file entry-v7.txt (compact mmCIF, C-alpha atoms and all ligand atoms)
# COMPACT_ATOMS: atom_id res chain seq x y z
CA MET A 1 0.00 0.00 0.00
CA SER A 2 1.34 3.44 -0.80
CA THR A 3 1.60 5.91 2.07
CA PHE A 4 -1.04 8.57 2.59
CA GLU A 5 -2.39 11.08 5.07
CA PHE A 6 -5.99 11.54 6.13
CA HIS A 7 -7.35 14.47 8.12
CA THR A 8 -10.83 15.35 9.27
CA THR A 9 -12.84 17.20 11.92
CA LYS A 10 -11.99 15.78 15.32
CA SER A 11 -15.50 15.83 16.78
CA ILE A 12 -18.58 14.93 14.72
CA ILE A 13 -21.91 14.84 16.53
CA VAL A 14 -24.87 13.25 14.75
CA GLU A 15 -28.10 13.80 16.66
CA PRO A 16 -31.51 15.09 15.54
CA GLY A 17 -32.38 18.03 17.78
CA ALA A 18 -28.76 18.60 18.87
CA ALA A 19 -28.87 22.31 17.88
CA ALA A 20 -31.22 22.90 20.82
CA ASN A 21 -28.35 22.01 23.14
CA ILE A 22 -25.54 23.80 21.33
CA ALA A 23 -24.81 26.22 24.18
CA SER A 24 -23.46 23.39 26.33
CA ARG A 25 -20.98 22.57 23.52
CA VAL A 26 -19.88 26.20 23.53
CA ARG A 27 -19.39 26.08 27.30
CA ALA A 28 -17.34 22.88 26.93
CA LEU A 29 -15.00 24.82 24.62
CA GLN A 30 -14.55 27.31 27.51
CA CYS A 31 -16.31 30.09 25.60
CA ASP A 32 -19.04 32.49 26.68
CA SER A 33 -19.60 34.94 23.80
CA VAL A 34 -20.72 33.52 20.47
CA LEU A 35 -21.17 34.96 16.98
CA ILE A 36 -23.56 32.92 14.84
CA VAL A 37 -22.86 33.29 11.12
CA THR A 38 -25.80 32.57 8.83
CA ASP A 39 -27.83 33.87 5.87
CA PRO A 40 -31.26 35.53 5.57
CA GLY A 41 -32.90 32.32 4.26
CA VAL A 42 -31.83 30.26 7.27
CA LEU A 43 -32.90 33.05 9.59
CA ALA A 44 -36.33 33.35 7.90
CA ALA A 45 -36.84 29.58 8.14
CA GLN A 46 -36.49 30.04 11.94
CA LEU A 47 -33.82 27.38 12.13
CA LEU A 48 -31.88 29.34 14.74
CA ASP A 49 -34.70 29.58 17.27
CA ALA A 50 -33.89 26.49 19.36
CA ALA A 51 -30.17 27.29 19.40
CA LEU A 52 -30.81 30.89 20.48
CA ALA A 53 -33.01 29.71 23.35
CA SER A 54 -30.22 27.41 24.56
CA PHE A 55 -27.79 30.35 24.81
CA THR A 56 -30.19 32.29 27.03
CA GLN A 57 -30.56 29.20 29.20
CA HIS A 58 -26.81 28.72 29.59
CA ASN A 59 -26.07 32.40 30.03
CA VAL A 60 -23.91 32.59 26.91
CA LYS A 61 -23.79 35.98 25.15
CA VAL A 62 -24.90 35.63 21.54
CA SER A 63 -24.83 37.86 18.43
CA VAL A 64 -26.04 36.95 14.96
CA TYR A 65 -24.41 37.98 11.68
CA SER A 66 -26.95 37.02 9.01
CA ASP A 67 -25.69 38.85 5.92
CA VAL A 68 -24.03 35.87 4.22
CA LEU A 69 -24.70 35.72 0.47
CA ALA A 70 -24.50 32.61 -1.73
CA ASP A 71 -21.03 32.26 -3.24
CA PRO A 72 -19.84 34.79 -0.67
CA PRO A 73 -17.88 37.82 -1.92
CA GLU A 74 -14.96 39.25 0.11
CA SER A 75 -17.09 42.10 1.48
CA VAL A 76 -19.29 39.61 3.37
CA ILE A 77 -16.24 38.21 5.15
CA TYR A 78 -14.88 41.66 6.06
CA ALA A 79 -18.26 42.69 7.53
CA GLY A 80 -18.44 39.42 9.48
CA VAL A 81 -14.96 39.91 10.96
CA GLU A 82 -16.05 43.36 12.10
CA ALA A 83 -19.22 41.90 13.66
CA ALA A 84 -17.10 39.34 15.57
CA GLN A 85 -14.78 42.04 16.86
CA ILE A 86 -17.60 44.38 17.90
CA ALA A 87 -19.33 41.49 19.73
CA ASN A 88 -16.04 40.46 21.35
CA ALA A 89 -16.84 36.92 20.25
CA ASP A 90 -14.67 34.11 21.58
CA CYS A 91 -16.43 31.41 19.53
CA ILE A 92 -17.83 31.35 15.98
CA ILE A 93 -20.72 29.14 14.87
CA GLY A 94 -21.35 28.66 11.14
CA PHE A 95 -25.02 27.76 10.82
CA GLY A 96 -26.37 27.12 7.32
CA GLY A 97 -25.26 25.77 3.96
CA GLY A 98 -21.75 25.84 2.53
CA SER A 99 -21.87 29.60 2.11
CA SER A 100 -22.51 30.30 5.82
CA MET A 101 -20.03 27.64 6.97
CA ASP A 102 -17.28 28.90 4.65
CA VAL A 103 -17.76 32.49 5.84
CA ALA A 104 -17.73 31.36 9.50
CA LYS A 105 -14.44 29.51 8.95
CA LEU A 106 -12.79 32.62 7.57
CA ILE A 107 -14.20 34.90 10.27
CA ALA A 108 -12.85 32.54 12.97
CA LEU A 109 -9.43 32.75 11.35
CA LEU A 110 -9.28 36.45 10.53
CA ALA A 111 -10.94 37.85 13.67
CA SER A 112 -8.19 36.57 15.95
CA GLY A 113 -5.14 36.51 13.67
CA SER A 114 -3.09 39.30 12.16
CA GLN A 115 -3.33 38.29 8.49
CA SER A 116 -5.62 39.79 5.85
CA LEU A 117 -7.86 37.75 3.54
CA PRO A 118 -5.70 38.17 0.39
CA GLU A 119 -2.68 36.92 2.37
CA ILE A 120 -4.29 33.56 3.12
CA TYR A 121 -5.57 32.60 -0.37
CA GLY A 122 -3.96 29.39 -1.59
CA VAL A 123 -2.67 26.33 0.21
CA ASN A 124 -1.32 26.52 3.79
CA GLN A 125 -0.87 30.29 3.85
CA ALA A 126 -2.88 30.82 7.05
CA GLU A 127 -0.93 31.03 10.28
CA GLY A 128 -3.72 31.35 12.81
CA PRO A 129 -4.60 31.33 15.59
CA ARG A 130 -8.30 30.98 14.98
CA LEU A 131 -11.23 31.25 17.36
CA PRO A 132 -13.02 28.06 18.49
CA LEU A 133 -15.35 27.04 15.67
CA ILE A 134 -18.54 24.94 15.47
CA LEU A 135 -20.18 24.18 12.11
CA VAL A 136 -23.84 23.20 11.76
CA PRO A 137 -24.84 22.28 8.17
CA THR A 138 -28.46 22.90 7.15
CA THR A 139 -28.05 21.56 3.60
CA ALA A 140 -26.91 18.01 2.79
CA GLY A 141 -24.41 19.12 0.25
CA THR A 142 -21.00 20.71 0.51
CA GLY A 143 -19.58 18.78 3.48
CA SER A 144 -17.84 22.03 4.43
CA GLU A 145 -18.12 20.96 8.10
CA VAL A 146 -15.34 18.44 7.45
CA THR A 147 -13.23 20.19 4.82
CA ALA A 148 -10.17 22.37 5.26
CA ILE A 149 -11.39 24.67 2.49
CA ALA A 150 -13.33 27.92 2.21
CA ILE A 151 -14.35 29.36 -1.16
CA VAL A 152 -14.66 33.10 -1.78
CA THR A 153 -15.88 34.97 -4.87
CA THR A 154 -13.32 37.63 -5.72
CA GLY A 155 -13.94 40.56 -8.06
CA GLU A 156 -16.68 40.04 -10.61
CA ASN A 157 -16.60 36.37 -11.32
CA GLU A 158 -13.53 34.58 -10.03
CA LYS A 159 -13.43 32.15 -7.13
CA LYS A 160 -10.49 31.70 -4.80
CA GLY A 161 -9.94 29.13 -2.10
CA VAL A 162 -8.31 29.21 1.30
CA VAL A 163 -6.95 25.76 2.11
CA SER A 164 -5.61 25.20 5.61
CA PRO A 165 -6.03 22.58 8.34
CA LEU A 166 -6.95 25.52 10.60
CA LEU A 167 -10.28 25.64 8.76
CA LEU A 168 -11.37 22.26 10.13
CA PRO A 169 -13.78 23.14 12.96
CA ASP A 170 -13.55 21.91 16.54
CA ILE A 171 -17.02 20.41 16.22
CA ALA A 172 -19.32 19.47 13.33
CA LEU A 173 -22.88 19.16 14.55
CA LEU A 174 -25.21 17.21 12.25
CA ASP A 175 -28.82 17.85 13.25
CA ALA A 176 -31.07 16.45 10.51
CA SER A 177 -34.16 18.14 11.95
CA LEU A 178 -32.74 21.42 10.57
CA THR A 179 -32.99 20.07 7.02
CA LEU A 180 -36.66 18.98 7.11
CA GLY A 181 -37.87 22.20 5.44
CA LEU A 182 -35.15 22.44 2.80
CA PRO A 183 -37.01 23.03 -0.52
CA ALA A 184 -37.04 20.08 -2.94
CA ALA A 185 -35.01 21.88 -5.63
CA VAL A 186 -32.27 22.83 -3.12
CA THR A 187 -32.33 19.29 -1.70
CA ALA A 188 -31.82 17.91 -5.20
CA ALA A 189 -29.03 20.27 -6.28
CA THR A 190 -27.09 20.14 -3.01
CA GLY A 191 -27.57 16.35 -2.86
CA ILE A 192 -26.14 15.96 -6.37
CA ASP A 193 -23.20 18.18 -5.33
CA ALA A 194 -22.51 15.71 -2.52
CA MET A 195 -22.72 12.79 -4.98
CA VAL A 196 -20.21 14.57 -7.24
CA HIS A 197 -17.87 14.93 -4.23
CA ALA A 198 -18.03 11.16 -3.68
CA ILE A 199 -17.53 10.32 -7.37
CA GLU A 200 -14.70 12.79 -7.97
CA ALA A 201 -12.92 11.74 -4.75
CA TYR A 202 -13.15 8.09 -5.82
CA THR A 203 -11.77 8.83 -9.30
CA SER A 204 -9.25 11.49 -8.22
CA LYS A 205 -5.87 11.11 -9.91
CA ARG A 206 -4.08 12.42 -6.83
CA LEU A 207 -4.27 11.50 -3.14
CA LYS A 208 -7.03 8.90 -3.48
CA ASN A 209 -6.52 6.38 -0.66
CA PRO A 210 -8.28 3.43 1.01
CA ILE A 211 -10.00 5.63 3.62
CA SER A 212 -11.31 8.18 1.09
CA ASP A 213 -12.43 5.26 -1.14
CA ALA A 214 -14.43 3.62 1.66
CA LEU A 215 -16.03 6.94 2.60
CA ALA A 216 -16.82 7.86 -1.01
CA LYS A 217 -18.52 4.51 -1.68
CA ASP A 218 -20.63 4.63 1.46
CA ALA A 219 -21.48 8.27 0.80
CA LEU A 220 -22.74 7.45 -2.70
CA ARG A 221 -24.70 4.46 -1.35
CA LEU A 222 -26.48 6.63 1.23
CA LEU A 223 -27.10 9.55 -1.12
CA ALA A 224 -28.40 7.43 -4.01
CA ALA A 225 -30.72 5.46 -1.72
CA ASN A 226 -32.25 8.56 -0.14
CA ILE A 227 -32.22 11.48 -2.57
CA HIS A 228 -35.60 10.70 -4.18
CA THR A 229 -37.33 10.29 -0.80
CA ALA A 230 -35.71 13.42 0.62
CA CYS A 231 -36.94 15.44 -2.39
CA LYS A 232 -40.46 14.00 -2.48
CA HIS A 233 -41.07 13.57 1.25
CA GLY A 234 -39.03 16.33 2.82
CA LYS A 235 -40.25 15.60 6.34
CA ASN A 236 -38.89 12.04 6.31
CA ILE A 237 -36.29 12.39 9.05
CA LYS A 238 -34.56 9.07 8.25
CA ALA A 239 -33.99 10.09 4.62
CA ARG A 240 -32.81 13.54 5.76
CA GLU A 241 -30.41 12.01 8.27
CA ASN A 242 -28.97 9.67 5.65
CA MET A 243 -28.51 12.57 3.22
CA LEU A 244 -26.74 14.65 5.87
CA LEU A 245 -24.49 11.75 6.81
CA GLY A 246 -23.83 10.93 3.14
CA ALA A 247 -22.85 14.54 2.42
CA CYS A 248 -20.54 14.52 5.44
CA LEU A 249 -18.84 11.26 4.40
CA ALA A 250 -18.42 12.61 0.85
CA GLY A 251 -16.90 15.78 2.35
CA MET A 252 -14.43 13.72 4.38
CA ALA A 253 -13.49 11.84 1.20
CA PHE A 254 -12.94 14.84 -1.08
CA ALA A 255 -11.18 16.85 1.62
CA ASN A 256 -8.43 14.23 1.30
CA ALA A 257 -8.81 13.06 -2.33
CA PRO A 258 -9.68 16.30 -4.12
CA VAL A 259 -12.40 16.86 -6.71
CA GLY A 260 -11.70 17.35 -10.43
CA GLY A 261 -13.25 18.17 -13.79
CA VAL A 262 -16.92 18.53 -12.84
CA HIS A 263 -16.09 21.16 -10.22
CA ALA A 264 -13.52 22.84 -12.47
CA LEU A 265 -16.14 23.34 -15.19
CA ALA A 266 -18.94 24.14 -12.76
CA TYR A 267 -17.13 27.00 -11.00
CA PRO A 268 -17.20 29.39 -14.02
CA VAL A 269 -20.93 28.65 -14.48
CA GLY A 270 -21.57 29.58 -10.85
CA ALA A 271 -19.31 32.62 -10.85
CA ARG A 272 -20.42 34.17 -14.17
CA PHE A 273 -24.14 33.36 -14.04
CA HIS A 274 -24.82 33.13 -10.29
CA VAL A 275 -26.05 29.58 -10.65
CA PRO A 276 -26.02 27.85 -7.22
CA HIS A 277 -23.01 25.61 -6.62
CA GLY A 278 -24.96 22.33 -6.56
CA LEU A 279 -26.91 23.12 -9.71
CA SER A 280 -23.82 24.15 -11.70
CA ASN A 281 -22.20 20.82 -10.77
CA SER A 282 -25.33 18.95 -11.73
CA LEU A 283 -25.40 20.67 -15.15
CA MET A 284 -21.81 19.67 -15.98
CA LEU A 285 -21.89 16.17 -14.47
CA GLY A 286 -23.15 14.11 -17.46
CA PRO A 287 -20.76 15.51 -20.09
CA VAL A 288 -17.67 15.26 -17.83
CA LEU A 289 -18.49 11.68 -16.75
CA ARG A 290 -18.83 10.63 -20.40
CA PHE A 291 -15.56 12.39 -21.27
CA ASN A 292 -13.73 10.65 -18.41
CA MET A 293 -15.06 7.21 -19.29
CA PRO A 294 -11.97 5.94 -21.21
CA ASN A 295 -9.78 6.55 -18.14
CA ALA A 296 -12.27 5.93 -15.35
CA GLU A 297 -14.30 2.95 -16.59
CA THR A 298 -13.14 0.52 -13.92
CA LEU A 299 -13.70 2.99 -11.08
CA TYR A 300 -17.13 3.96 -12.42
CA ALA A 301 -18.04 0.26 -12.59
CA GLU A 302 -17.02 -0.12 -8.93
CA LEU A 303 -19.27 2.81 -8.03
CA ALA A 304 -22.11 1.35 -10.14
CA ASP A 305 -21.94 -1.73 -7.88
CA VAL A 306 -22.76 0.57 -4.95
CA VAL A 307 -25.78 2.13 -6.65
CA TYR A 308 -26.93 -1.15 -8.26
CA PRO A 309 -25.74 -3.98 -5.99
CA ALA A 310 -27.34 -6.60 -8.25
CA ALA A 311 -25.74 -5.28 -11.46
CA SER A 312 -23.78 -7.74 -13.55
CA GLY A 313 -21.86 -7.74 -16.80
CA THR A 314 -18.66 -6.15 -18.04
CA SER A 315 -17.14 -3.12 -16.37
CA PHE A 316 -18.05 -1.13 -19.51
CA ARG A 317 -21.72 -2.03 -19.08
CA ARG A 318 -21.75 -1.29 -15.34
CA ALA A 319 -19.84 1.99 -15.76
CA ASN A 320 -22.43 3.07 -18.33
CA MET A 321 -25.22 2.22 -15.89
CA LEU A 322 -23.69 4.66 -13.41
CA VAL A 323 -23.31 7.41 -16.01
CA GLU A 324 -26.88 6.92 -17.20
CA TYR A 325 -28.22 6.94 -13.64
CA LEU A 326 -26.52 10.26 -12.89
CA GLN A 327 -27.45 11.74 -16.26
CA ASN A 328 -31.15 11.09 -15.62
CA LEU A 329 -31.16 12.21 -11.99
CA PRO A 330 -31.62 16.00 -12.47
CA GLN A 331 -34.70 15.47 -14.67
CA GLU A 332 -36.16 12.88 -12.29
CA LEU A 333 -35.72 15.33 -9.42
CA GLY A 334 -37.21 18.21 -11.40
CA ILE A 335 -34.27 20.61 -11.61
CA ALA A 336 -32.70 22.32 -14.65
CA THR A 337 -30.93 19.93 -16.99
CA ARG A 338 -29.31 22.21 -19.60
CA LEU A 339 -27.07 25.28 -19.44
CA LYS A 340 -29.56 27.13 -21.62
CA ASP A 341 -32.16 26.65 -18.84
CA VAL A 342 -30.06 28.99 -16.68
CA GLY A 343 -29.57 31.60 -19.40
CA ILE A 344 -26.27 30.46 -20.96
CA THR A 345 -25.88 30.66 -24.75
CA GLU A 346 -23.35 29.43 -27.31
CA GLY A 347 -21.71 32.87 -27.26
CA ASP A 348 -20.71 32.35 -23.60
CA ILE A 349 -18.79 29.15 -24.17
CA ALA A 350 -15.39 30.63 -25.05
CA ASP A 351 -15.29 32.66 -21.82
CA LEU A 352 -16.48 29.73 -19.71
CA ALA A 353 -13.86 27.42 -21.21
CA ALA A 354 -11.09 30.01 -20.68
CA ASP A 355 -12.15 30.41 -17.04
CA ALA A 356 -12.28 26.65 -16.48
CA MET A 357 -8.66 26.38 -17.58
CA LYS A 358 -7.70 28.61 -14.62
CA GLN A 359 -8.98 25.95 -12.20
CA THR A 360 -5.66 24.12 -12.30
CA ARG A 361 -6.01 23.20 -8.58
CA LEU A 362 -8.95 20.99 -9.63
CA LEU A 363 -8.05 20.02 -13.20
CA ILE A 364 -4.91 18.19 -12.05
CA ASN A 365 -7.11 15.71 -10.16
CA ASN A 366 -9.28 14.74 -13.11
CA PRO A 367 -8.75 11.19 -14.40
CA ARG A 368 -8.45 12.50 -17.98
CA GLU A 369 -6.65 15.65 -19.02
CA ILE A 370 -9.04 18.45 -20.01
CA GLN A 371 -7.65 20.99 -22.48
CA LEU A 372 -9.22 24.24 -23.64
CA ALA A 373 -10.86 22.68 -26.70
CA ASP A 374 -12.21 19.81 -24.57
CA ALA A 375 -13.71 22.27 -22.09
CA ALA A 376 -15.47 24.10 -24.94
CA THR A 377 -16.84 20.79 -26.28
CA LEU A 378 -18.08 19.82 -22.81
CA TYR A 379 -19.90 23.15 -22.36
CA LYS A 380 -21.42 22.74 -25.84
CA GLU A 381 -22.63 19.28 -24.88
CA ALA A 382 -24.18 20.67 -21.69
CA LEU A 383 -25.93 23.51 -23.55
N1 LIG B 401 -15.84 24.43 1.88
C1 LIG B 401 -16.10 23.47 1.05
O1 LIG B 401 -15.55 22.40 1.17
C2 LIG B 401 -17.08 23.69 -0.05
C3 LIG B 401 -17.38 22.63 -0.92
C4 LIG B 401 -18.31 22.85 -1.92
C5 LIG B 401 -18.94 24.09 -2.03
N2 LIG B 401 -18.61 25.11 -1.17
C6 LIG B 401 -19.26 26.42 -1.23
O2 LIG B 401 -20.52 26.30 -0.55
C7 LIG B 401 -21.46 27.20 -1.13
C8 LIG B 401 -22.73 26.47 -1.51
O3 LIG B 401 -23.32 25.94 -0.35
P1 LIG B 401 -24.78 25.24 -0.36
O4 LIG B 401 -24.94 24.50 -1.63
O5 LIG B 401 -24.92 24.51 0.90
O6 LIG B 401 -25.79 26.46 -0.45
P2 LIG B 401 -25.94 27.83 0.36
O7 LIG B 401 -25.24 27.82 1.66
O8 LIG B 401 -25.56 28.94 -0.58
O9 LIG B 401 -27.51 27.86 0.65
C9 LIG B 401 -28.44 27.82 -0.43
C10 LIG B 401 -29.78 28.38 -0.03
O10 LIG B 401 -30.47 27.45 0.81
C11 LIG B 401 -31.03 28.12 1.93
N3 LIG B 401 -31.08 27.14 3.01
C12 LIG B 401 -30.02 26.51 3.59
N4 LIG B 401 -30.45 25.61 4.48
C13 LIG B 401 -31.80 25.69 4.51
C14 LIG B 401 -32.81 24.97 5.22
N5 LIG B 401 -32.51 23.98 6.04
N6 LIG B 401 -34.11 25.30 4.99
C15 LIG B 401 -34.43 26.27 4.10
N7 LIG B 401 -33.51 26.95 3.37
C16 LIG B 401 -32.21 26.66 3.57
C17 LIG B 401 -30.12 29.29 2.18
O11 LIG B 401 -30.79 30.33 2.87
C18 LIG B 401 -29.72 29.69 0.76
O12 LIG B 401 -30.69 30.54 0.23
C19 LIG B 401 -20.75 27.84 -2.30
O13 LIG B 401 -20.23 29.11 -1.91
C20 LIG B 401 -19.60 26.90 -2.61
O14 LIG B 401 -18.51 27.53 -3.23
C21 LIG B 401 -17.72 24.89 -0.18
FE FE B 402 -19.09 20.85 -4.50

call {"tool": "encode", "arguments": {"input": "entry-v7.txt", "output": "structure tokens", "more": "lines below"}}
Ligand SMILES: NC(=O)c1ccc[n+]([C@@H]2O[C@H](COP(=O)([O-])OP(=O)(O)OC[C@H]3O[C@@H](n4cnc5c(N)ncnc54)[C@H](O)[C@@H]3O)[C@@H](O)[C@H]2O)c1
Ligand SMILES: [Fe+2]
result
Amino acid sequence: MSTFEFHTTKSIIVEPGAAANIASRVRALQCDSVLIVTDPGVLAAQLLDAALASFTQHNVKVSVYSDVLADPPESVIYAGVEAAQIANADCIIGFGGGSSMDVAKLIALLASGSQSLPEIYGVNQAEGPRLPLILVPTTAGTGSEVTAIAIVTTGENEKKGVVSPLLLPDIALLDASLTLGLPAAVTAATGIDAMVHAIEAYTSKRLKNPISDALAKDALRLLAANIHTACKHGKNIKARENMLLGACLAGMAFANAPVGGVHALAYPVGARFHVPHGLSNSLMLGPVLRFNMPNAETLYAELADVVYPAASGTSFRRANMLVEYLQNLPQELGIATRLKDVGITEGDIADLAADAMKQTRLLINNPREIQLADAATLYKEAL
């Protein structure tokens, strides 16, 4: 076996209703003044109510910063750092989807350290220290609660990442009851994002290892078995719990065996056209899987065995079953299936392809090399 490293969040708590007791977790971290970082949608859905009541009960001072935007721009992080400093926060809680969790990670790092945001872009540039950090996902998608990554939109339409082990929180708290009201379309898109994390981790050209493989397979098994129920019967707590766990396992996998071509081509779609992260991945998934087939057939066949345990036949046949399954999923779940559905036209392809080529951090992980002309063909196919 070749050597490898594997890192993840040190404390993962899976318990429906656990958010109602979050103040005791804060106390256990020796903190008594919390800043909750969230977005207006999460706030309006009243998901914070039980957590807020627990702070009053435990005499923990609490402030809420709820101005997070999807695909957060730098200004959202700067304002959040200021909110943490004004509140004198000694603990940060990211409460929401990937956008809120990513912003919380960066606030925890920047509010207590001496570095600026531009100084920490890239890999291992952050020096810390960071404030104690708890992450509570309310979408079953990004797995940000177990990844050492935070994504920021810089300027008009570019995305930059901060990658540092300091971004792994002290605690990830998985409370499926928070996801019961997640709208079907968001459940579908964020769930497909999680599936892409599992698939791209399993087929990653770099850093794939036996632990990430086991996690990716089990993640895909859970997600595939529950995504239809979670979309159709949102209040089914078992399906919601399995989705949340599946997304977390997929996050643990791709945090160590990084994602590739689907994400590389999805990022420009999200950045230029403000298409949500999950949906942009879903739109690019079919074409990239088909493109990768010559180099990833065996691995796709192994993943097909997870989705279809009774499948038989050659690896080519089973790999195609997986590709077909994923290709049909967006339509079955009732979300957009073509780039033109989100306002993209043929005239946009050259810019999208040029932007995708800048995602070298991701492209190097793809099982098959994607060049500029390939990227343009893939966008054309997705149109
Ligand atoms: N750090 C990482 O490892 C990582 C990985 C992938 C993506 N990302 C980033 O994560 C972001 C996307 O995160 P996301 O897909 O979770 O979406 P999101 O956080 O942008 O949330 C999407 C929408 O869903 C709403 N919402 C969230 N939970 C809800 C609930 N339970 N009930 C009702 N509404 C709810 C929000 O208010 C928001 O309007 C992007 O910025 C992306 O770049 C980060
Ligand atoms: Fe993703």

call {"tool": "closest_atom_pairs", "arguments": {"input": "entry-v7.txt", "of": "chain A", "to": "ligand LIG 401 (chain B)", "cutoff": "7 Å", "atoms": "all atoms listed in the file", "output": "tab-separated table"}}
result
residue	atom	partner	partner_atom	distance
A:Asp39	CA	B:LIG401	O11	5.5
A:Pro40	CA	B:LIG401	O11	5.9
A:Gly41	CA	B:LIG401	O11	3.2
A:Val42	CA	B:LIG401	O11	4.5
A:Ala45	CA	B:LIG401	C15	5.8
A:Leu69	CA	B:LIG401	O8	6.9
A:Ala70	CA	B:LIG401	O8	4.0
A:Asp71	CA	B:LIG401	O13	3.5
A:Pro72	CA	B:LIG401	O13	5.8
A:Gly96	CA	B:LIG401	N4	5.2
A:Gly97	CA	B:LIG401	O7	3.1
A:Gly98	CA	B:LIG401	O3	3.3
A:Ser99	CA	B:LIG401	O7	3.8
A:Ser100	CA	B:LIG401	O7	5.6
A:Asp102	CA	B:LIG401	N1	5.5
A:Thr138	CA	B:LIG401	N4	4.3
A:Thr139	CA	B:LIG401	N4	4.8
A:Gly141	CA	B:LIG401	O5	5.5
A:Thr142	CA	B:LIG401	C4	4.2
A:Gly143	CA	B:LIG401	O1	5.9
A:Ser144	CA	B:LIG401	O1	4.0
A:Thr147	CA	B:LIG401	O1	4.9
A:Ala148	CA	B:LIG401	O1	6.8
A:Ile149	CA	B:LIG401	N1	4.5
A:Ala150	CA	B:LIG401	N1	4.3
A:Ile151	CA	B:LIG401	O14	5.0
A:Val152	CA	B:LIG401	O13	6.9
A:Leu178	CA	B:LIG401	N5	5.2
A:Thr179	CA	B:LIG401	N5	4.1
A:Leu180	CA	B:LIG401	N5	6.6
A:Gly181	CA	B:LIG401	N6	4.9
A:Leu182	CA	B:LIG401	N6	3.7
A:Pro183	CA	B:LIG401	C15	6.2
A:Val186	CA	B:LIG401	O10	6.3
A:Thr190	CA	B:LIG401	O4	5.1
A:Gly251	CA	B:LIG401	O1	6.9
A:Pro276	CA	B:LIG401	O4	6.6
A:His277	CA	B:LIG401	C8	5.2
A:Gly278	CA	B:LIG401	O4	5.4

call {"tool": "closest_atom_pairs", "arguments": {"input": "entry-v7.txt", "of": "region 231-273 of chain A", "to": "region 285-293 of chain A", "cutoff": "9 Å", "atoms": "only C-alpha atoms", "output": "CSV"}}
result
residue,atom,partner,partner_atom,distance
A:Gly261,CA,A:Val288,CA,6.7
A:Val262,CA,A:Leu285,CA,5.7
A:His263,CA,A:Leu285,CA,8.8
A:Leu265,CA,A:Val288,CA,8.6
A:Ala266,CA,A:Leu285,CA,8.7

call {"tool": "closest_residue", "arguments": {"input": "entry-v7.txt", "among": "A:Leu333, A:Val60, A:Ile199, A:Ala50", "to": "Cys231 (chain A)", "atoms": "all atoms listed in the file"}}
result
A:Leu333

call {"tool": "closest_residue", "arguments": {"input": "entry-v7.txt", "among": "A:Ile237, A:Leu173, A:Ala184, A:Leu249", "to": "Leu215 (chain A)", "atoms": "only C-alpha atoms"}}
result
A:Leu249

call {"tool": "closest_residue", "arguments": {"input": "entry-v7.txt", "among": "A:Leu303, A:Leu245, A:Val342, A:Val259", "to": "ligand FE 402 (chain B)", "atoms": "all atoms listed in the file"}}
result
A:Val259

call {"tool": "closest_residue", "arguments": {"input": "entry-v7.txt", "among": "A:Leu378, A:Leu168, A:Val196, A:Leu222", "to": "ligand FE 402 (chain B)", "atoms": "all atoms listed in the file"}}
result
A:Val196

call {"tool": "axis_aligned_box", "arguments": {"input": "entry-v7.txt", "around": "region 46-52 of chain A", "padding_each_side": "8 Å", "output": "lines of an AutoDock Vina configuration file"}}
result
center_x = -33.3
center_y = 28.7
center_z = 16.2
size_x = 22.3
size_y = 20.4
size_z = 24.5

call {"tool": "atom_distance", "arguments": {"input": "entry-v7.txt", "atom1": "CA of Ala230 (chain A)", "atom2": "CA of Pro330 (chain A)"}}
result
14.0 Å

call {"tool": "closest_residue", "arguments": {"input": "entry-v7.txt", "among": "A:Pro294, A:Leu322, A:Ile364, A:Ala194", "to": "ligand FE 402 (chain B)", "atoms": "all atoms listed in the file"}}
result
A:Ala194

call {"tool": "closest_residue", "arguments": {"input": "entry-v7.txt", "among": "A:Ile36, A:Ala111, A:Val163, A:Leu283", "to": "Leu135 (chain A)", "atoms": "all atoms listed in the file"}}
result
A:Ile36

call {"tool": "decode", "arguments": {"input": "entry-v7.txt", "residues": "region 324-345 of chain A", "atoms": "C-alpha atoms", "output": "PDB file, in the first residue's frame"}}
result
ATOM      1  CA  GLU A 324     -26.884   6.921 -17.204  1.00  0.00           C
ATOM      2  CA  TYR A 325     -28.217   6.938 -13.644  1.00  0.00           C
ATOM      3  CA  LEU A 326     -26.517  10.260 -12.892  1.00  0.00           C
ATOM      4  CA  GLN A 327     -27.446  11.741 -16.260  1.00  0.00           C
ATOM      5  CA  ASN A 328     -31.151  11.093 -15.617  1.00  0.00           C
ATOM      6  CA  LEU A 329     -31.162  12.212 -11.991  1.00  0.00           C
ATOM      7  CA  PRO A 330     -31.625  16.005 -12.469  1.00  0.00           C
ATOM      8  CA  GLN A 331     -34.701  15.472 -14.671  1.00  0.00           C
ATOM      9  CA  GLU A 332     -36.163  12.880 -12.293  1.00  0.00           C
ATOM     10  CA  LEU A 333     -35.717  15.327  -9.418  1.00  0.00           C
ATOM     11  CA  GLY A 334     -37.210  18.209 -11.395  1.00  0.00           C
ATOM     12  CA  ILE A 335     -34.274  20.610 -11.612  1.00  0.00           C
ATOM     13  CA  ALA A 336     -32.705  22.319 -14.653  1.00  0.00           C
ATOM     14  CA  THR A 337     -30.925  19.931 -16.987  1.00  0.00           C
ATOM     15  CA  ARG A 338     -29.307  22.210 -19.603  1.00  0.00           C
ATOM     16  CA  LEU A 339     -27.066  25.276 -19.443  1.00  0.00           C
ATOM     17  CA  LYS A 340     -29.565  27.132 -21.623  1.00  0.00           C
ATOM     18  CA  ASP A 341     -32.165  26.650 -18.839  1.00  0.00           C
ATOM     19  CA  VAL A 342     -30.057  28.990 -16.680  1.00  0.00           C
ATOM     20  CA  GLY A 343     -29.567  31.600 -19.405  1.00  0.00           C
ATOM     21  CA  ILE A 344     -26.272  30.456 -20.957  1.00  0.00           C
ATOM     22  CA  THR A 345     -25.882  30.655 -24.747  1.00  0.00           C
TER      23      THR A 345
END
